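Worksheet: the structure to be examined is printed underneath.
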Amino acid sequence: MPSINWHEFLMPYAQAVDELCGKFKSLDKEYRFKTLHSPIEHVQGRVKRVGSILEKARRKRVPVNKIVEGIRDIAGIRIICQFVEDIGAVVQIVRRHEGFDLRVLDEQDYITNAKPSGYRCYHIHVEYPIFTMDGMKKIPVEIQIRTMSMDFWATIEHSLKYKYNGKIPEALRGRLIHTAEAAFQLDKEMSTIRDEIIETQKVIRVKNDLADQILKKIQDLHSMVKTESINELNKEFYGIYNENDVAKLNAFNYKLDTMMRLYSTESFE
Ligand code: 0O2
């Protein structure tokens with residue numbers, strides 16, 4: 001068996017994972033900043049452990065000197081979405097990057113065609129360029145895109161596979177297939193109320209942003225007005241906040257702007 005300096009071998013994979021994770025996280029932030037629904041709920045990335053690489057190589061009969069070509073998920077990104085519809089949106093995002101900073105090698109749609117185990121996920125294999133001391137290197141990365149409920153199921157099933165050394169007993173396997181269907185049913189149900197959920201999440205985000213702005217302004221006013229007035233403002237804010245009325249919060253925020261303008265003009269005179 002050829003000797004491999006695993007630490008050095010895996011370094012470029014770690015770099016590719018870090019860079020790609022960063023890009024998807026930035027995209028998610030941009031959606032949230034614009035108060036738009038983000039198709040990305042969260043992003044995870046990992047480099048496969050040496051033990052798992054060797055185990056997979058053995059399972060797939062890949063010789064150690066062919067690991068680079070034979071094991072395509074040494075670098076892996078997982079994008080978790082709230083809704084099934086978001087998976088398509090993320091797939092489009094990845095495809096739009098084609099030619100810009102990555103190359104799509106192939107795609108597997110295990111959402112429409114679940115694996116016999118019940119596993120659902122969208123897989124995209126890409127080649128991502130990184131820059132190293134020795135120049136540009138193209139790193140294969142597996143991007144997995146799935147909903148929270150698909151992720152829940154896959155995590156549980158993965159642990160059971162580990163427990164039973166890859167051979168889950170027949171009866172348990174049957175129950176897992178059943179639960180995979182139930183998880184997919186949950187996704188379908190959630191899709192029917194997607195618009196309402198997205199609208200609610202948007203209102204919560206706007207309300208929280210407004211509350212942050214208001215509290216910062218009250219804090220800033222602290223040095224300009226009497227403590228009793230600050231206490232009054234705080235009381236008024238809590239009252240409005242509990243009413244759950246964004247319009248009232250907006251009006252209060254505007255009132256604070258006016259106060260700040262007034263007091264800062266006074267302090268100049
Ligand atoms: P780990 O620990 O997650 O890394 P692909 O060519 O990748 O689209 P293929 O040929 O089935 O599909 O590939 P493979 O290597 O079997 O699966 C790739 C990865 O997909 C797996 O990596 C899992 O993460 C996930 N996966 C595929 N099938 C299943 C499944 O039935 N159940 C679960 N829970 N996950 C699955 P690893 O190396 O198995 O695991």
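Identifiers in this document derive from the order of the structure tokens: chains are assigned A, B, ..., residues are numbered from 1 separately in each chain, and ligands are numbered from 1 in order of occurrence.
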
Problem - Selection as a list in words: residues within 6 Å of ligand 1 by only C-alpha atoms and all ligand atoms - result: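 My answer, listing the contacting residues, is Gln108, Ser117, Tyr119, His123, Ala154, Thr155, Glu157 and His158 of chain A.
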
Exercise for the section: Might you pull out every residue within 12 Å of A:Asp187, with only C-alpha atoms counted and same-chain residues fewer than 2 positions away left off, and present them as number ranges by chain? Expected result: A: 81-87, 111, 120, 146-152, 180-185, 189-194

Output file for the residues above (C-alpha atoms, as a PDB file, in the first residue's frame):
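As a result, part-v8.pdb now contains:
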```pdb
ATOM      1  CA  CYS A  81     -33.215  23.965   3.126  1.00  0.00           C
ATOM      2  CA  GLN A  82     -36.559  24.633   4.794  1.00  0.00           C
ATOM      3  CA  PHE A  83     -38.730  23.609   1.850  1.00  0.00           C
ATOM      4  CA  VAL A  84     -38.443  21.139  -1.033  1.00  0.00           C
ATOM      5  CA  GLU A  85     -38.871  24.074  -3.440  1.00  0.00           C
ATOM      6  CA  ASP A  86     -35.725  25.658  -2.002  1.00  0.00           C
ATOM      7  CA  ILE A  87     -33.669  22.679  -3.165  1.00  0.00           C
ATOM      8  CA  ILE A 111     -35.411  13.781  -4.389  1.00  0.00           C
ATOM      9  CA  ARG A 120     -33.673  11.628  -0.428  1.00  0.00           C
ATOM     10  CA  ARG A 146     -31.754  18.459   1.245  1.00  0.00           C
ATOM     11  CA  THR A 147     -34.539  19.661   3.528  1.00  0.00           C
ATOM     12  CA  MET A 148     -34.383  19.640   7.309  1.00  0.00           C
ATOM     13  CA  SER A 149     -36.639  16.597   7.496  1.00  0.00           C
ATOM     14  CA  MET A 150     -34.564  14.695   4.878  1.00  0.00           C
ATOM     15  CA  ASP A 151     -31.475  15.632   6.876  1.00  0.00           C
ATOM     16  CA  PHE A 152     -33.040  14.396  10.110  1.00  0.00           C
ATOM     17  CA  ALA A 180     -38.517   8.289   5.024  1.00  0.00           C
ATOM     18  CA  GLU A 181     -41.909   8.462   3.309  1.00  0.00           C
ATOM     19  CA  ALA A 182     -43.422  10.105   6.405  1.00  0.00           C
ATOM     20  CA  ALA A 183     -40.607  12.701   6.386  1.00  0.00           C
ATOM     21  CA  PHE A 184     -41.284  13.414   2.709  1.00  0.00           C
ATOM     22  CA  GLN A 185     -44.984  13.719   3.457  1.00  0.00           C
ATOM     23  CA  GLU A 189     -47.483  19.368   3.865  1.00  0.00           C
ATOM     24  CA  MET A 190     -45.093  22.208   4.745  1.00  0.00           C
ATOM     25  CA  SER A 191     -44.982  23.225   1.075  1.00  0.00           C
ATOM     26  CA  THR A 192     -48.730  23.822   1.103  1.00  0.00           C
ATOM     27  CA  ILE A 193     -48.332  26.470   3.821  1.00  0.00           C
ATOM     28  CA  ARG A 194     -44.952  27.720   2.572  1.00  0.00           C
TER      29      ARG A 194
END
```

Practice task
Mind the document's chain letters and residue numbers, and return as a ChimeraX atom specification the residues of stretch 80-251 of chain A that DSSP labels helix (DSSP H, G or I).
Solution key: /A:84-97,148-163,170-192,194-221,227-243,246-251

Exercise for the section: as a list in words, list the residues of stretch 1-45 of chain A assigned to strand (DSSP E) by DSSP on the backbone atoms of this structure. Expected result: His42, Val43, Gln44 and Gly45 of chain A

Practice task
Please identify all polymer residues within 9 Å of A:Val141, counting only C-alpha atoms, omitting same-chain residues fewer than 5 positions from it, and present them as a list in words.
Solution key: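 Once the nearby chain positions are removed, what remains is Tyr13, Ala16, Val17, Arg72, Asp73, Ile74, Ala75, Gly76, Ile77, Ile124, His125, Val126, Glu127 and Tyr128 of chain A.
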
Practice task
Extract, using only C-alpha atoms, all DNA, RNA and protein residues at most 10 Å from stretch 208-220 of chain A, discarding same-chain residues fewer than 3 positions from it, and format them as a PyMOL selection string.
Solution key: chain A and resi 202-205+223-225+229-231+233-234+237-238+241+246+249-250+252-257+259-260
